[in-house]
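Below is one structure, written out as structure tokens; the observations come after it.
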Amino acid sequence: MDGGIAWGLTVAVALAAAGGGYVFGRRRPAPVAGPQPLRDPAPLEVLRHAFAALPDACLLIDLYGRVVMRNTAAGDLTGAVEGKPFAAAFRIPAVLQAVDRVLDEGPAEEISFTLPVPIERTIEAHVAPLGAAGYGAHAVVLLRDTTAMTRVERMRADFVANASHELRTPLTSLSGFIETIRGPARDDPEAQARFLEIMQTQADRMRRLIDDLLSLSRIELNEHVRPSGKVDLAGIAGDVVDAVQPQLGRAGIKAIITAEPGVPSVLGERDELIQVVQNLLDNAVKYGSEGGDVAIRIGAVQELTGMMVTCAVSDKGPGIAREHLPRLTERFYRVDAKASRERGGTGLGLAIVKHIVNRHRGRLEIESEPGQGSRFTVFLPALTAS
Ligand SMILES: Nc1ncnc2c1ncn2[C@@H]1O[C@H](COP(=O)(O)OP(=O)(O)O)[C@@H](O)[C@H]1O
Ligand SMILES: [Mg+2]
């Protein structure tokens with residue numbers, strides 16, 4: 001629940017408890033007959049139920065700084081005990097001082113602080129007077145854990161730093177070669193040809209990075225929109241394999257597609273699903289083809305949530321150590337960054353796969369044993385007749 005709504009609800013219920021005259025939603029008519037749920041139970045009981053219904057930690061503090069009421073979340077977070085001073089359990093001076101000021105008729109305050117144990121968390125506190133006239137001075141404290149939000153912000157900042165670094169490296173190399181060609185290698189056509197080739201490689205790398213960054217941001221923008229096309233995964237796998245046939249031929253490997261009969265179509269965006277199969281096949285060829293051919297298997301499984309169509313891309317390459325598996329879909333995460341760059345990787349392929357699969361309400365499973373090869377399986381909801 002949004003903090004403002006939670007806070008509004010608390011005040012509304014508190015006012016109802018105090019005066020009994022508040023009607024939820026002004027435009028709704030007041031109940032005329034039958035039990036009146038807000039008045040019947042003892043007022044503090046109503047408030048207690050409201051507190052219990054809130055996902056965030058909340059406490060009601062009286063003029064003497066004692067805890068009149070707290071919900072379970074507040075007990076867990078602050079250790080506060082009803083009837084005892086709040087300051088006896090909770091020792092964050094900024095929050096306690098805010099409570100004091102509010103009890104001295106000050107305005108509502110927002111404070112952000114961190115709790116170091118048991119794991120570091122960022123908490124935002126909202127301290128507000130219980131504003132009913134004549135109700136006596138009380139303060140309501142609402143505490144919300146914003147650690148996850150803060151972490152997302154940090155990840156964004158890291159991402160920009162990583163992307164800039166990845167782009168700067170080839171750019172630095174390009175600038176260096178331009179200087180060399182204009183300076184020491186001015187009259188050396190042989191060296192120039194060699195340098196121009198390297199420059200071409202670096203420029204290609206920058207282009208791939210920018211392409212991948214743009215795809216990623218486009219997919220992220222659309223992630224909440226459900227795709228609407230009807231897509232046949234076996235057909236897509238066939239198209240992708242046809243398109244990379246020249247590279248496969250050069251590398252001397254085959255991509256073998258097998259499809260179970262009668263696999264349903266999926267609700268999907270064709271271009272995005274092509275990208276999924278392409279990225280998985282590209283990885284299998286780049287990192288796993290020492291083991292020989294690559295297999296793409298299209299199937300279907302019945303799961304509790306419904307029928308899923310699967311596309312598994314397997315190789316018999318060196319595999320991936322267990323500790324890397326959970327992180328492979330992170331942006332720029334690579335088991336061996338140098339090996340990835342040498343093969344034209346950007347470190348974004350699996351992040352793109354993950355986002356596309358999320359948008360399709362599917363999932364990606366990665367199985368790998370060092371020495372045994374790897375299998376990347378995409379599960380996508382089948383398009384059912386209904
Ligand atoms: N089939 C595979 N076999 C071994 N390692 C793989 C395989 N697929 C992916 N990886 C590892 O996962 C990393 C991330 O993959 P990806 O996001 O596609 O980035 P990129 O291929 O550009 O490096 C790769 O750098 C590689 O270390
Ligand atoms: Mg890749």
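Just remember, in the structure tokens the first chain shown is A, the second B, etc., residues are 1-based per chain, and ligands are 1-based in the order shown.
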Contacts of segment 154-166 of chain A at 8 Å (only C-alpha atoms; same-chain gap of 6+ positions) as a list in words: Leu209, Arg331 and Phe332 of chain A
Dump as an mmCIF file, in the first residue's frame, selection limited to N, CA and C atoms:
data_model
loop_
_atom_site.group_PDB
_atom_site.id
_atom_site.type_symbol
_atom_site.label_atom_id
_atom_site.label_comp_id
_atom_site.auth_asym_id
_atom_site.auth_seq_id
_atom_site.Cartn_x
_atom_site.Cartn_y
_atom_site.Cartn_z
ATOM 1 N N LEU A 209 27.238 -2.922 -28.917
ATOM 2 C CA LEU A 209 26.864 -2.485 -27.564
ATOM 3 C C LEU A 209 25.672 -1.532 -27.604
ATOM 4 N N ARG A 331 23.038 -7.613 -16.158
ATOM 5 C CA ARG A 331 23.687 -6.869 -17.238
ATOM 6 C C ARG A 331 25.196 -6.830 -17.045
ATOM 7 N N PHE A 332 25.912 -7.105 -18.098
ATOM 8 C CA PHE A 332 27.370 -7.063 -18.149
ATOM 9 C C PHE A 332 28.041 -8.147 -17.311
#
Problem set entry | Exercise answer, 8 Å around ligand 1 with only C-alpha atoms and all ligand atoms, as an MDAnalysis selection string | chainID A and resid 279:288 314:315 317:320 328:337 339:341 343:352 373:376
Which of segment 5-219 of chain A DSSP labels strand (DSSP E or B), written as a PyMOL selection string:
chain A and resi 57-62+66-70+85+109-115+121-129+138-145
Using C-alpha atoms, can you export the residues from the last selection as an mmCIF file, in the first residue's frame?
data_model
loop_
_atom_site.group_PDB
_atom_site.id
_atom_site.type_symbol
_atom_site.label_atom_id
_atom_site.label_comp_id
_atom_site.auth_asym_id
_atom_site.auth_seq_id
_atom_site.Cartn_x
_atom_site.Cartn_y
_atom_site.Cartn_z
ATOM 1 C CA ALA A 57 5.113 -0.904 10.648
ATOM 2 C CA CYS A 58 2.971 1.576 12.558
ATOM 3 C CA LEU A 59 2.789 2.738 16.141
ATOM 4 C CA LEU A 60 0.617 5.067 18.168
ATOM 5 C CA ILE A 61 2.576 7.014 20.807
ATOM 6 C CA ASP A 62 1.013 8.994 23.639
ATOM 7 C CA ARG A 66 4.628 5.490 25.597
ATOM 8 C CA VAL A 67 3.552 3.014 22.969
ATOM 9 C CA VAL A 68 -0.248 2.859 23.054
ATOM 10 C CA MET A 69 -0.467 0.486 20.144
ATOM 11 C CA ARG A 70 1.757 -1.128 17.541
ATOM 12 C CA PRO A 85 8.259 4.031 26.430
ATOM 13 C CA GLU A 109 7.983 14.910 9.569
ATOM 14 C CA GLU A 110 9.758 12.471 7.248
ATOM 15 C CA ILE A 111 13.056 10.903 8.314
ATOM 16 C CA SER A 112 15.248 8.401 6.529
ATOM 17 C CA PHE A 113 17.716 6.216 8.429
ATOM 18 C CA THR A 114 19.551 2.905 8.194
ATOM 19 C CA LEU A 115 19.356 -0.069 10.524
ATOM 20 C CA ARG A 121 18.197 -1.794 5.727
ATOM 21 C CA THR A 122 17.086 1.677 4.716
ATOM 22 C CA ILE A 123 13.937 2.783 6.533
ATOM 23 C CA GLU A 124 11.767 5.800 5.949
ATOM 24 C CA ALA A 125 9.792 7.099 8.898
ATOM 25 C CA HIS A 126 6.699 9.258 8.728
ATOM 26 C CA VAL A 127 5.828 10.820 12.083
ATOM 27 C CA ALA A 128 2.557 12.719 12.295
ATOM 28 C CA PRO A 129 0.273 14.178 14.948
ATOM 29 C CA HIS A 138 -0.677 11.460 20.143
ATOM 30 C CA ALA A 139 1.814 10.723 17.421
ATOM 31 C CA VAL A 140 1.493 8.094 14.742
ATOM 32 C CA VAL A 141 4.756 6.625 13.465
ATOM 33 C CA LEU A 142 4.774 4.818 10.158
ATOM 34 C CA LEU A 143 7.996 2.979 9.213
ATOM 35 C CA ARG A 144 8.615 1.634 5.757
ATOM 36 C CA ASP A 145 11.504 -0.487 4.528
#
message: Give me, as a list in words, all polymer residues having an atom no more than 8 Å from Pro227 of chain A, counting only C-alpha atoms and skipping those fewer than 4 positions away in the same chain.
response: Leu267, Gly268, Glu269, Arg359 and His360 of chain A
Kindly save the residues from that selection, with N, CA and C atoms included, as a CSV table (one decimal), in the first residue's frame.
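What follows is the written file out-v3.csv:
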chain,number,residue,atom,x,y,z
A,267,LEU,N,1.6,-16.8,-27.1
A,267,LEU,CA,1.2,-15.4,-27.3
A,267,LEU,C,2.5,-14.6,-27.2
A,268,GLY,N,2.9,-14.1,-28.3
A,268,GLY,CA,4.2,-13.4,-28.2
A,268,GLY,C,4.5,-12.4,-29.3
A,269,GLU,N,5.6,-11.7,-29.1
A,269,GLU,CA,6.1,-10.7,-30.1
A,269,GLU,C,7.1,-11.4,-30.9
A,359,ARG,N,8.5,-10.3,-20.0
A,359,ARG,CA,7.4,-9.6,-20.7
A,359,ARG,C,6.3,-10.6,-21.2
A,360,HIS,N,6.8,-11.8,-21.6
A,360,HIS,CA,5.9,-12.8,-22.0
A,360,HIS,C,5.3,-13.7,-20.9
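Comparing A:Arg151, A:Arg182, A:Arg208, A:Arg48 by their smallest distance to ligand 2, the closest is A:Arg208 (using only C-alpha atoms and all ligand atoms).
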Discussion item. According to DSSP computed on the backbone, where in segment 157-339 of chain A is there alpha helix (DSSP H)? Give the residues as a PyMOL selection string.
Written reply: chain A and resi 157-182+189-222+233-251+270-288+337-339
Just write the chosen residues, C-alpha atoms, as an mmCIF file, in the first residue's frame.
data_model
loop_
_atom_site.group_PDB
_atom_site.id
_atom_site.type_symbol
_atom_site.label_atom_id
_atom_site.label_comp_id
_atom_site.auth_asym_id
_atom_site.auth_seq_id
_atom_site.Cartn_x
_atom_site.Cartn_y
_atom_site.Cartn_z
ATOM 1 C CA ALA A 157 23.687 4.063 -11.268
ATOM 2 C CA ASP A 158 25.988 1.013 -11.607
ATOM 3 C CA PHE A 159 24.469 0.231 -14.975
ATOM 4 C CA VAL A 160 25.228 3.685 -16.359
ATOM 5 C CA ALA A 161 28.781 3.448 -15.040
ATOM 6 C CA ASN A 162 29.247 -0.015 -16.599
ATOM 7 C CA ALA A 163 27.774 0.998 -19.939
ATOM 8 C CA SER A 164 30.004 4.072 -20.108
ATOM 9 C CA HIS A 165 33.044 2.005 -19.281
ATOM 10 C CA GLU A 166 32.198 -0.607 -21.937
ATOM 11 C CA LEU A 167 31.827 2.136 -24.551
ATOM 12 C CA ARG A 168 34.874 4.062 -23.479
ATOM 13 C CA THR A 169 37.264 1.133 -23.921
ATOM 14 C CA PRO A 170 36.822 0.749 -27.701
ATOM 15 C CA LEU A 171 36.603 4.530 -28.062
ATOM 16 C CA THR A 172 39.980 4.975 -26.361
ATOM 17 C CA SER A 173 41.455 2.382 -28.654
ATOM 18 C CA LEU A 174 39.997 4.112 -31.736
ATOM 19 C CA SER A 175 41.418 7.491 -30.675
ATOM 20 C CA GLY A 176 44.809 5.894 -30.089
ATOM 21 C CA PHE A 177 44.917 4.358 -33.562
ATOM 22 C CA ILE A 178 43.765 7.571 -35.227
ATOM 23 C CA GLU A 179 46.663 9.393 -33.573
ATOM 24 C CA THR A 180 49.106 6.676 -34.638
ATOM 25 C CA ILE A 181 47.911 6.718 -38.239
ATOM 26 C CA ARG A 182 48.232 10.490 -38.385
ATOM 27 C CA PRO A 189 50.558 1.806 -45.527
ATOM 28 C CA GLU A 190 51.034 -1.723 -44.207
ATOM 29 C CA ALA A 191 50.695 -0.647 -40.566
ATOM 30 C CA GLN A 192 47.779 1.578 -41.528
ATOM 31 C CA ALA A 193 45.910 -1.345 -43.073
ATOM 32 C CA ARG A 194 46.482 -3.404 -39.940
ATOM 33 C CA PHE A 195 45.340 -0.594 -37.656
ATOM 34 C CA LEU A 196 42.277 0.122 -39.768
ATOM 35 C CA GLU A 197 41.237 -3.471 -39.390
ATOM 36 C CA ILE A 198 41.491 -3.253 -35.605
ATOM 37 C CA MET A 199 39.593 0.028 -35.719
ATOM 38 C CA GLN A 200 36.846 -1.659 -37.689
ATOM 39 C CA THR A 201 36.588 -4.360 -35.007
ATOM 40 C CA GLN A 202 36.368 -1.749 -32.248
ATOM 41 C CA ALA A 203 33.746 0.259 -34.123
ATOM 42 C CA ASP A 204 31.719 -2.942 -34.646
ATOM 43 C CA ARG A 205 31.936 -3.633 -30.949
ATOM 44 C CA MET A 206 30.631 -0.183 -30.116
ATOM 45 C CA ARG A 207 27.775 -0.639 -32.561
ATOM 46 C CA ARG A 208 26.812 -4.010 -31.027
ATOM 47 C CA LEU A 209 26.864 -2.485 -27.564
ATOM 48 C CA ILE A 210 24.651 0.402 -28.597
ATOM 49 C CA ASP A 211 22.266 -1.980 -30.409
ATOM 50 C CA ASP A 212 21.996 -4.158 -27.298
ATOM 51 C CA LEU A 213 21.559 -1.178 -24.975
ATOM 52 C CA LEU A 214 18.784 0.168 -27.177
ATOM 53 C CA SER A 215 17.038 -3.220 -27.359
ATOM 54 C CA LEU A 216 17.232 -3.554 -23.620
ATOM 55 C CA SER A 217 15.709 -0.143 -22.981
ATOM 56 C CA ARG A 218 12.985 -0.718 -25.584
ATOM 57 C CA ILE A 219 12.045 -4.045 -24.016
ATOM 58 C CA GLU A 220 12.072 -2.549 -20.539
ATOM 59 C CA LEU A 221 9.752 0.243 -21.632
ATOM 60 C CA ASN A 222 7.282 -2.336 -22.951
ATOM 61 C CA LEU A 233 8.406 -21.269 -31.720
ATOM 62 C CA ALA A 234 9.557 -24.162 -33.911
ATOM 63 C CA GLY A 235 9.144 -21.911 -36.966
ATOM 64 C CA ILE A 236 11.173 -19.182 -35.288
ATOM 65 C CA ALA A 237 13.946 -21.621 -34.360
ATOM 66 C CA GLY A 238 14.088 -22.731 -38.000
ATOM 67 C CA ASP A 239 14.351 -19.133 -39.243
ATOM 68 C CA VAL A 240 17.072 -18.285 -36.748
ATOM 69 C CA VAL A 241 19.132 -21.336 -37.663
ATOM 70 C CA ASP A 242 18.764 -20.545 -41.385
ATOM 71 C CA ALA A 243 19.937 -17.002 -40.772
ATOM 72 C CA VAL A 244 23.122 -18.035 -38.957
ATOM 73 C CA GLN A 245 23.864 -20.989 -41.270
ATOM 74 C CA PRO A 246 26.922 -19.274 -42.824
ATOM 75 C CA GLN A 247 28.537 -18.762 -39.397
ATOM 76 C CA LEU A 248 27.673 -22.316 -38.350
ATOM 77 C CA GLY A 249 29.206 -23.612 -41.582
ATOM 78 C CA ARG A 250 32.390 -21.642 -40.982
ATOM 79 C CA ALA A 251 32.632 -22.998 -37.434
ATOM 80 C CA ARG A 270 7.733 -12.414 -33.028
ATOM 81 C CA ASP A 271 10.772 -10.111 -33.248
ATOM 82 C CA GLU A 272 11.472 -10.426 -29.551
ATOM 83 C CA LEU A 273 11.215 -14.210 -29.529
ATOM 84 C CA ILE A 274 13.582 -14.341 -32.522
ATOM 85 C CA GLN A 275 16.022 -12.345 -30.414
ATOM 86 C CA VAL A 276 15.663 -14.851 -27.549
ATOM 87 C CA VAL A 277 16.478 -17.863 -29.720
ATOM 88 C CA GLN A 278 19.226 -15.935 -31.507
ATOM 89 C CA ASN A 279 20.958 -14.914 -28.269
ATOM 90 C CA LEU A 280 20.787 -18.429 -26.804
ATOM 91 C CA LEU A 281 22.013 -20.045 -30.015
ATOM 92 C CA ASP A 282 24.737 -17.424 -30.339
ATOM 93 C CA ASN A 283 25.981 -18.250 -26.822
ATOM 94 C CA ALA A 284 25.835 -22.004 -27.425
ATOM 95 C CA VAL A 285 27.922 -21.554 -30.567
ATOM 96 C CA LYS A 286 30.324 -19.029 -29.009
ATOM 97 C CA TYR A 287 30.959 -20.762 -25.698
ATOM 98 C CA GLY A 288 29.854 -24.356 -26.166
ATOM 99 C CA ALA A 337 34.967 -10.981 -19.733
ATOM 100 C CA LYS A 338 38.016 -11.331 -21.968
ATOM 101 C CA ALA A 339 36.720 -14.489 -23.650
#
What's the 8 Å shell around Glu223 of chain A, counting only C-alpha atoms, without same-chain residues fewer than 5 positions away, as a compact mmCIF listing (two decimals) with N, CA and C atoms, in the first residue's frame?
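Below you can see part_10.txt, which holds the result:
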# COMPACT_ATOMS: atom_id res chain seq x y z
N HIS A 355 14.54 -10.20 -19.90
CA HIS A 355 13.49 -9.19 -19.97
C HIS A 355 12.39 -9.56 -20.96
N ILE A 356 12.80 -10.13 -22.10
CA ILE A 356 11.78 -10.53 -23.08
C ILE A 356 10.90 -11.63 -22.48
N ASN A 358 10.31 -12.25 -19.35
CA ASN A 358 9.44 -11.66 -18.32
C ASN A 358 8.23 -11.01 -18.96
N ARG A 359 8.48 -10.27 -20.03
CA ARG A 359 7.37 -9.58 -20.68
C ARG A 359 6.34 -10.60 -21.16
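With atom CA of Val46 of chain A on one side and atom CA of Glu105 of chain A on the other, the separation reads 25.0 Å.
Across the structure, atom CA of His49 of chain A and atom CA of Leu77 of chain A are spaced 18.7 Å apart.
Distances here use only C-alpha atoms and all ligand atoms; by that measure, the residue among A:Glu367, A:Glu342, A:Glu303, A:Asp293 closest to ligand 2 is A:Glu342.
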From the list A:Val353, A:Glu369, A:Glu323, A:Lys84, the nearest residue to ligand 2 using only C-alpha atoms and all ligand atoms is A:Val353
Write out as a PyMOL selection string each polymer residue whose atoms come within 8 Å of Pro55 of chain A, counting only C-alpha atoms; drop sequence neighbours fewer than 2 positions from it. chain A and resi 1+52-53+57+73
